[in-house]
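Containing mmCIF, C-alpha atoms: upload-v2.cif.
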data_coords
loop_
_atom_site.label_atom_id
_atom_site.label_comp_id
_atom_site.auth_asym_id
_atom_site.auth_seq_id
_atom_site.Cartn_x
_atom_site.Cartn_y
_atom_site.Cartn_z
CA GLU H 1206 162.42 -12.81 77.81
CA PRO H 1207 165.11 -12.47 80.51
CA HIS H 1208 168.72 -12.05 79.43
CA GLU H 1209 171.86 -13.21 81.18
CA PRO H 1210 173.85 -10.39 82.84
CA PRO H 1211 177.37 -9.73 81.52
CA GLU H 1212 180.14 -11.84 82.98
CA PRO H 1213 182.25 -10.08 85.64
CA PRO H 1214 185.57 -8.93 84.11
CA GLU H 1215 187.53 -10.22 87.15
CA GLY H 1216 189.85 -7.21 87.11
CA GLY H 1217 190.63 -4.25 84.90
CA TRP H 1218 188.49 -1.30 85.99
CA GLY H 1219 187.28 -3.52 88.82
CA TRP H 1220 190.55 -3.02 90.73
CA LEU H 1221 189.90 0.73 90.84
CA VAL H 1222 186.36 0.00 92.02
CA MET H 1223 187.86 -2.19 94.74
CA LEU H 1224 190.11 0.64 95.95
CA ALA H 1225 187.17 3.05 95.94
CA ALA H 1226 185.10 0.59 97.97
CA MET H 1227 188.04 0.13 100.35
CA TRP H 1228 188.21 3.89 100.89
CA CYS H 1229 184.46 3.95 101.48
CA ASN H 1230 184.59 1.24 104.15
CA GLY H 1231 187.62 2.84 105.76
CA SER H 1232 186.36 6.41 105.87
CA VAL H 1233 182.81 5.54 106.97
CA PHE H 1234 183.63 3.08 109.73
CA GLY H 1235 186.95 4.66 110.59
CA ILE H 1236 185.16 7.86 111.57
CA GLN H 1237 182.37 5.97 113.32
CA ASN H 1238 184.72 3.72 115.29
CA ALA H 1239 186.83 6.71 116.35
CA CYS H 1240 183.81 8.28 118.02
CA GLY H 1241 185.47 7.87 121.43
CA VAL H 1242 188.01 10.56 120.60
CA LEU H 1243 185.28 12.85 119.31
CA PHE H 1244 183.16 12.05 122.38
CA VAL H 1245 185.82 13.33 124.78
CA SER H 1246 186.33 16.45 122.68
CA MET H 1247 182.57 17.13 122.52
CA LEU H 1248 182.39 16.88 126.31
CA LYS H 1249 185.17 19.44 126.71
CA THR H 1250 183.61 21.74 124.11
CA PHE H 1251 179.95 21.65 125.15
CA GLY H 1252 179.99 20.62 128.81
CA SER H 1253 181.88 18.87 131.56
CA LYS H 1254 182.83 15.24 132.06
CA ASP H 1255 181.58 15.55 135.64
CA ASP H 1256 178.08 16.39 134.41
CA ASP H 1257 176.32 13.01 134.14
CA LYS H 1258 173.47 14.43 132.11
CA MET H 1259 175.89 15.89 129.59
CA VAL H 1260 177.75 12.59 129.34
CA PHE H 1261 174.50 10.84 128.50
CA LYS H 1262 173.47 13.43 125.90
CA THR H 1263 176.90 13.36 124.24
CA ALA H 1264 176.96 9.55 124.09
CA TRP H 1265 173.79 9.60 122.03
CA VAL H 1266 175.48 11.51 119.20
CA GLY H 1267 177.77 8.58 118.32
CA SER H 1268 175.13 5.94 119.11
CA LEU H 1269 172.54 7.61 116.90
CA SER H 1270 175.04 7.95 114.07
CA MET H 1271 176.06 4.29 114.12
CA GLY H 1272 172.47 3.11 114.43
CA MET H 1273 171.21 5.22 111.54
CA ILE H 1274 173.79 3.73 109.17
CA PHE H 1275 172.20 0.30 109.49
CA PHE H 1276 168.66 1.58 110.02
CA CYS H 1277 168.71 3.16 106.54
CA CYS H 1278 169.86 -0.02 104.79
CA PRO H 1279 166.40 -1.13 103.54
CA ILE H 1280 165.82 2.31 102.03
CA VAL H 1281 169.30 2.34 100.48
CA SER H 1282 168.59 -1.07 98.92
CA VAL H 1283 165.56 0.34 97.12
CA PHE H 1284 167.48 3.42 95.92
CA THR H 1285 170.35 1.25 94.72
CA ASP H 1286 167.96 -0.92 92.75
CA LEU H 1287 166.20 2.05 91.18
CA PHE H 1288 169.09 4.41 90.44
CA GLY H 1289 172.19 2.20 90.42
CA CYS H 1290 175.30 2.07 92.58
CA ARG H 1291 177.03 5.16 91.19
CA LYS H 1292 174.19 7.66 91.64
CA THR H 1293 173.29 6.32 95.08
CA ALA H 1294 176.88 6.37 96.35
CA VAL H 1295 177.64 9.85 94.99
CA MET H 1296 174.42 11.24 96.45
CA GLY H 1297 175.16 9.61 99.80
CA ALA H 1298 178.70 10.99 99.97
CA ALA H 1299 177.40 14.48 99.15
CA VAL H 1300 174.79 14.27 101.93
CA GLY H 1301 177.43 12.98 104.35
CA PHE H 1302 179.72 15.86 103.43
CA VAL H 1303 176.95 18.39 104.11
CA GLY H 1304 176.08 16.76 107.44
CA LEU H 1305 179.69 16.66 108.63
CA MET H 1306 180.38 20.22 107.53
CA SER H 1307 177.19 21.43 109.26
CA SER H 1308 178.34 19.69 112.44
CA SER H 1309 181.39 21.96 112.57
CA PHE H 1310 179.23 25.09 112.97
CA VAL H 1311 176.97 24.09 115.88
CA SER H 1312 177.02 25.91 119.21
CA SER H 1313 175.47 23.19 121.41
CA ILE H 1314 175.19 19.41 121.55
CA GLU H 1315 171.55 19.14 120.47
CA PRO H 1316 171.99 20.14 116.79
CA LEU H 1317 174.55 17.34 116.44
CA TYR H 1318 171.72 14.83 116.75
CA LEU H 1319 170.47 16.11 113.40
CA THR H 1320 173.67 17.08 111.58
CA TYR H 1321 175.99 14.26 112.76
CA GLY H 1322 173.59 11.64 114.05
CA ILE H 1323 171.09 11.68 111.16
CA ILE H 1324 172.27 13.63 108.08
CA PHE H 1325 175.90 12.52 108.18
CA ALA H 1326 174.98 8.94 109.12
CA CYS H 1327 172.31 8.62 106.42
CA GLY H 1328 174.80 9.90 103.86
CA CYS H 1329 177.32 7.31 105.03
CA SER H 1330 174.69 4.59 104.69
CA PHE H 1331 173.85 5.61 101.12
CA ALA H 1332 177.56 5.64 100.24
CA TYR H 1333 178.45 2.42 102.03
CA GLN H 1334 175.98 -0.16 100.75
CA PRO H 1335 176.57 0.41 97.00
CA SER H 1336 180.29 -0.14 97.62
CA LEU H 1337 179.49 -3.74 98.56
CA VAL H 1338 176.93 -4.34 95.80
CA ILE H 1339 179.20 -3.11 92.99
CA LEU H 1340 181.91 -5.65 93.83
CA GLY H 1341 179.68 -8.50 92.69
CA HIS H 1342 179.37 -6.86 89.28
CA TYR H 1343 183.12 -6.84 88.63
CA PHE H 1344 184.24 -10.00 90.42
CA LYS H 1345 182.99 -13.54 90.80
CA LYS H 1346 185.92 -15.93 91.18
CA ARG H 1347 187.97 -13.37 93.12
CA LEU H 1348 185.04 -11.93 95.05
CA GLY H 1349 186.16 -13.47 98.34
CA LEU H 1350 189.63 -11.96 98.06
CA VAL H 1351 188.27 -8.58 97.00
CA ASN H 1352 185.77 -8.51 99.85
CA GLY H 1353 188.57 -9.29 102.29
CA ILE H 1354 190.72 -6.43 100.99
CA VAL H 1355 187.81 -3.98 101.06
CA THR H 1356 186.84 -4.97 104.59
CA ALA H 1357 190.45 -4.62 105.71
CA GLY H 1358 190.19 -0.94 104.80
CA SER H 1359 187.89 -0.32 107.75
CA SER H 1360 190.37 -1.92 110.14
CA VAL H 1361 193.30 0.14 108.83
CA PHE H 1362 191.34 3.39 109.13
CA THR H 1363 190.02 2.39 112.56
CA ILE H 1364 193.61 1.98 113.80
CA LEU H 1365 195.01 5.15 112.23
CA LEU H 1366 192.17 7.67 112.49
CA PRO H 1367 192.15 7.95 116.31
CA LEU H 1368 195.82 8.91 116.17
CA LEU H 1369 195.12 11.53 113.52
CA LEU H 1370 192.07 12.86 115.37
CA ARG H 1371 194.01 13.17 118.62
CA VAL H 1372 196.67 15.28 116.92
CA LEU H 1373 194.10 17.43 115.09
CA ILE H 1374 191.93 18.04 118.14
CA ASP H 1375 194.92 19.03 120.26
CA SER H 1376 196.21 21.42 117.60
CA VAL H 1377 193.12 22.93 115.90
CA GLY H 1378 190.14 21.93 118.05
CA LEU H 1379 186.95 19.94 117.45
CA PHE H 1380 185.31 22.09 114.79
CA HIS H 1381 188.33 22.33 112.51
CA THR H 1382 188.87 18.59 112.97
CA LEU H 1383 185.38 17.92 111.63
CA ARG H 1384 186.18 20.13 108.64
CA VAL H 1385 189.33 18.12 108.00
CA LEU H 1386 187.23 14.94 108.08
CA CYS H 1387 185.11 16.48 105.33
CA ILE H 1388 188.10 15.83 103.05
CA PHE H 1389 187.51 12.11 103.55
CA MET H 1390 183.89 12.53 102.50
CA PHE H 1391 184.89 14.60 99.46
CA VAL H 1392 187.27 11.85 98.32
CA LEU H 1393 184.43 9.39 98.93
CA PHE H 1394 182.24 11.56 96.70
CA LEU H 1395 184.80 11.29 93.90
CA ALA H 1396 185.27 7.56 94.51
CA GLY H 1397 181.57 6.98 93.89
CA PHE H 1398 182.01 7.97 90.24
CA THR H 1399 184.17 4.88 89.69
CA TYR H 1400 181.15 2.59 90.19
CA ARG H 1401 180.63 2.41 86.46
CA PRO H 1402 177.77 0.06 85.48
CA LEU H 1403 178.72 -2.77 83.17
CA ALA H 1404 177.60 -2.44 79.56
CA THR H 1405 174.42 -4.31 78.73
CA SER H 1406 173.97 -6.32 75.59
CA THR H 1407 172.55 -4.82 72.39
CA LYS H 1408 169.47 -6.98 72.75
CA ASP H 1409 168.77 -5.46 76.16
CA LYS H 1410 169.13 -1.93 74.83
CA GLU H 1411 166.73 -2.64 71.96
CA SER H 1412 164.16 -3.94 74.43
CA GLY H 1413 164.28 -0.61 76.26
CA GLY H 1414 166.30 -1.69 79.30
CA SER H 1415 168.30 1.15 80.74
CA GLY H 1416 170.61 -1.06 82.76
CA SER H 1417 170.09 1.08 85.84
CA SER H 1418 168.39 -1.61 87.92
CA LEU H 1419 171.04 -3.50 89.81
CA PHE H 1420 168.85 -6.38 90.86
CA SER H 1421 168.05 -7.10 87.21
CA ARG H 1422 171.76 -7.65 86.51
CA ARG H 1423 172.16 -10.23 89.20
CA LYS H 1424 171.86 -13.90 88.34
CA PHE H 1425 168.57 -14.48 90.13
CA SER H 1426 165.40 -15.58 88.41
CA PRO H 1427 162.37 -13.36 89.04
CA PRO H 1428 159.87 -14.62 91.61
CA LYS H 1429 157.10 -16.81 90.26
CA ASN H 1430 154.41 -14.40 91.35
CA PHE H 1431 156.18 -11.35 89.88
CA GLN H 1432 153.76 -10.94 86.98
CA PHE H 1433 150.72 -11.32 89.20
CA CYS H 1434 152.03 -8.78 91.72
CA HIS H 1435 152.93 -6.37 88.93
CA LEU H 1436 149.41 -6.55 87.57
CA GLN H 1437 148.02 -5.93 91.03
CA GLY H 1438 150.28 -2.91 91.43
CA ASP H 1439 151.85 -4.25 94.61
CA SER H 1440 155.31 -2.68 94.50
CA LEU H 1441 156.56 -4.35 97.68
CA CYS H 1442 155.49 -7.78 96.47
CA SER H 1443 157.19 -7.21 93.12
CA MET H 1444 160.46 -6.72 94.97
CA GLY H 1445 160.46 -10.35 95.99
CA SER H 1446 161.83 -10.77 99.51
CA TRP H 1447 162.15 -7.05 100.24
CA ASN H 1448 159.85 -7.31 103.25
CA THR H 1449 162.02 -10.00 104.83
CA THR H 1450 165.19 -8.03 104.16
CA CYS H 1451 163.60 -4.87 105.51
CA THR H 1452 162.58 -6.61 108.73
CA PHE H 1453 166.04 -8.11 109.17
CA TRP H 1454 167.86 -4.79 108.77
CA ILE H 1455 165.45 -2.93 111.04
CA LEU H 1456 166.12 -5.49 113.77
CA CYS H 1457 169.88 -5.10 113.22
CA ALA H 1458 169.53 -1.33 113.42
CA LEU H 1459 167.61 -1.48 116.67
CA CYS H 1460 170.27 -3.77 118.15
CA SER H 1461 173.13 -1.50 117.07
CA LEU H 1462 171.43 1.79 118.02
CA GLY H 1463 172.66 1.61 121.58
CA GLU H 1464 176.07 0.13 120.87
CA TYR H 1465 178.00 2.79 122.75
CA ALA H 1466 175.46 4.20 125.18
CA PRO H 1467 174.67 1.27 127.56
CA SER H 1468 177.93 1.33 129.49
CA LEU H 1469 177.60 5.07 130.04
CA ILE H 1470 173.98 4.69 131.16
CA MET H 1471 175.04 2.00 133.59
CA ASN H 1472 177.77 4.19 135.04
CA ILE H 1473 175.36 7.07 135.45
CA THR H 1474 172.78 4.82 137.13
CA ILE H 1475 175.33 3.38 139.56
CA SER H 1476 176.70 6.79 140.47
#
Write out the structure in this file as structure tokens.
Amino acid sequence: EPHEPPEPPEGGWGWLVMLAAMWCNGSVFGIQNACGVLFVSMLKTFGSKDDDKMVFKTAWVGSLSMGMIFFCCPIVSVFTDLFGCRKTAVMGAAVGFVGLMSSSFVSSIEPLYLTYGIIFACGCSFAYQPSLVILGHYFKKRLGLVNGIVTAGSSVFTILLPLLLRVLIDSVGLFHTLRVLCIFMFVLFLAGFTYRPLATSTKDKESGGSGSSLFSRRKFSPPKNFQFCHLQGDSLCSMGSWNTTCTFWILCALCSLGEYAPSLIMNITIS
């Protein structure tokens, strides 16, 4: 028999969760949106701005990173449902930290495709999506306001980080700048621990529910064919509309993959 999820507290610990989610949005998209500053520095470090081939190769570092954040969203959704917001976010921040730190030790542009474009971006994706899901657990009436504040974090960081990066790159260089940015990911790692799951009722605990499945705490009734699909062992069908969500996010990822590269490709083609 299904049980109603606990009512959102509308504050309390939720305000700390909101600040953690704000830091997550700011650090993830602040770094991504400041890729222009890093792009110029990568060109100076690994090649020349007059080398069209090098311009193209460098542009793909930032484009791949931004695209992978959204490309991983269907996978992150499954992990969030299985392990909860806190474990997923902490794991993602740790992976992002490793990817960003590894990027500061490369000697050519090609390894950045793996360290910055894939590992760092996938870690950001795993840290970012739980920060949005957890807000619905702590807020309902104030969810609109909280979402607005959290989203504003990305705009604040996007405005300020290019200024900080410009100063850091001029003073300590690209590699040490990437190591400084690792501090943002370490704080994000700590912020993930604030995504404390709400306590489930005693009745739920007696029935063996661990409370780790986030979708089970949301006020949605299970699909009518859930029992049939479960008996058939069809895991994708038992997830309800996962296939539709997966398709939607893959299309979004493909659209965003070349967000920064087209203008550079056009310039190269014209020249």
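One finds CA of Leu1383 in chain H at 11.3 Å from CA of Val1311 in chain H.
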(message) Under the rule that all atoms listed in the file are counted, which of H:Cys1327, H:Val1242, H:Ile1339, H:Ala1396 is the nearest residue to Val1303 in chain H?
(response)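 Looking at the shortest contact to Val1303 in chain H, the residue is H:Cys1327.
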Quiz item: Given the file above and the PyMOL selection byres ((chain H and resi 1215) around 8), which residues are selected, and can you give them as a VMD selection string?
Solution: chain H and resid 1213 to 1214 1216 to 1217 1219 1343 to 1347
Legend entry - Residue contacts of Gly1358 in chain H (12 Å, all atoms listed in the file) excluding same-chain residues fewer than 4 positions away, as JSON, numbers by chain: {"H": [1223, 1224, 1225, 1226, 1227, 1228, 1229, 1230, 1231, 1232, 1233, 1234, 1235, 1351, 1352, 1353, 1354, 1362, 1363, 1364, 1365, 1366]}
For the residues selected in the previous step, produce a file with C-alpha atoms as a PDB file, keeping the file's coordinate frame.
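As written to disk, out_12.pdb reads:
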ATOM      1  CA  MET H1223     187.860  -2.190  94.740  1.00  0.00           C
ATOM      2  CA  LEU H1224     190.110   0.640  95.950  1.00  0.00           C
ATOM      3  CA  ALA H1225     187.170   3.050  95.940  1.00  0.00           C
ATOM      4  CA  ALA H1226     185.100   0.590  97.970  1.00  0.00           C
ATOM      5  CA  MET H1227     188.040   0.130 100.350  1.00  0.00           C
ATOM      6  CA  TRP H1228     188.210   3.890 100.890  1.00  0.00           C
ATOM      7  CA  CYS H1229     184.460   3.950 101.480  1.00  0.00           C
ATOM      8  CA  ASN H1230     184.590   1.240 104.150  1.00  0.00           C
ATOM      9  CA  GLY H1231     187.620   2.840 105.760  1.00  0.00           C
ATOM     10  CA  SER H1232     186.360   6.410 105.870  1.00  0.00           C
ATOM     11  CA  VAL H1233     182.810   5.540 106.970  1.00  0.00           C
ATOM     12  CA  PHE H1234     183.630   3.080 109.730  1.00  0.00           C
ATOM     13  CA  GLY H1235     186.950   4.660 110.590  1.00  0.00           C
ATOM     14  CA  VAL H1351     188.270  -8.580  97.000  1.00  0.00           C
ATOM     15  CA  ASN H1352     185.770  -8.510  99.850  1.00  0.00           C
ATOM     16  CA  GLY H1353     188.570  -9.290 102.290  1.00  0.00           C
ATOM     17  CA  ILE H1354     190.720  -6.430 100.990  1.00  0.00           C
ATOM     18  CA  PHE H1362     191.340   3.390 109.130  1.00  0.00           C
ATOM     19  CA  THR H1363     190.020   2.390 112.560  1.00  0.00           C
ATOM     20  CA  ILE H1364     193.610   1.980 113.800  1.00  0.00           C
ATOM     21  CA  LEU H1365     195.010   5.150 112.230  1.00  0.00           C
ATOM     22  CA  LEU H1366     192.170   7.670 112.490  1.00  0.00           C
TER      23      LEU H1366
END
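Comparing the minimum interatomic distances between Leu1305 in chain H and each of H:Met1390, H:Cys1277, H:Leu1340, H:Ala1332, counting all atoms listed in the file, we find that H:Met1390 sits nearest.
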Worksheet item: Nearest to Leu1379 in chain H among H:Ala1294, H:Leu1221, H:Ile1236, H:Val1245, with distances taken over all atoms listed in the file: which residue is it?
Response: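 Comparing H:Ala1294, H:Leu1221, H:Ile1236, H:Val1245 against Leu1379 in chain H, the winner is H:Val1245.
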Could you write out as a list of chain:residue names the residues that the PyMOL selection byres ((chain H and resi 1291) around 7) matches in the shown file?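 Residues picked by the PyMOL selection byres ((chain H and resi 1291) around 7): H:Gly1289, H:Cys1290, H:Lys1292, H:Thr1293, H:Ala1294, H:Val1295, H:Gly1397, H:Phe1398, H:Tyr1400, H:Arg1401.
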Expected file contents, prior selection, C-alpha atoms, as a PDB file, in the coordinates of the input:
ATOM      1  CA  GLY H1289     172.190   2.200  90.420  1.00  0.00           C
ATOM      2  CA  CYS H1290     175.300   2.070  92.580  1.00  0.00           C
ATOM      3  CA  LYS H1292     174.190   7.660  91.640  1.00  0.00           C
ATOM      4  CA  THR H1293     173.290   6.320  95.080  1.00  0.00           C
ATOM      5  CA  ALA H1294     176.880   6.370  96.350  1.00  0.00           C
ATOM      6  CA  VAL H1295     177.640   9.850  94.990  1.00  0.00           C
ATOM      7  CA  GLY H1397     181.570   6.980  93.890  1.00  0.00           C
ATOM      8  CA  PHE H1398     182.010   7.970  90.240  1.00  0.00           C
ATOM      9  CA  TYR H1400     181.150   2.590  90.190  1.00  0.00           C
ATOM     10  CA  ARG H1401     180.630   2.410  86.460  1.00  0.00           C
TER      11      ARG H1401
END
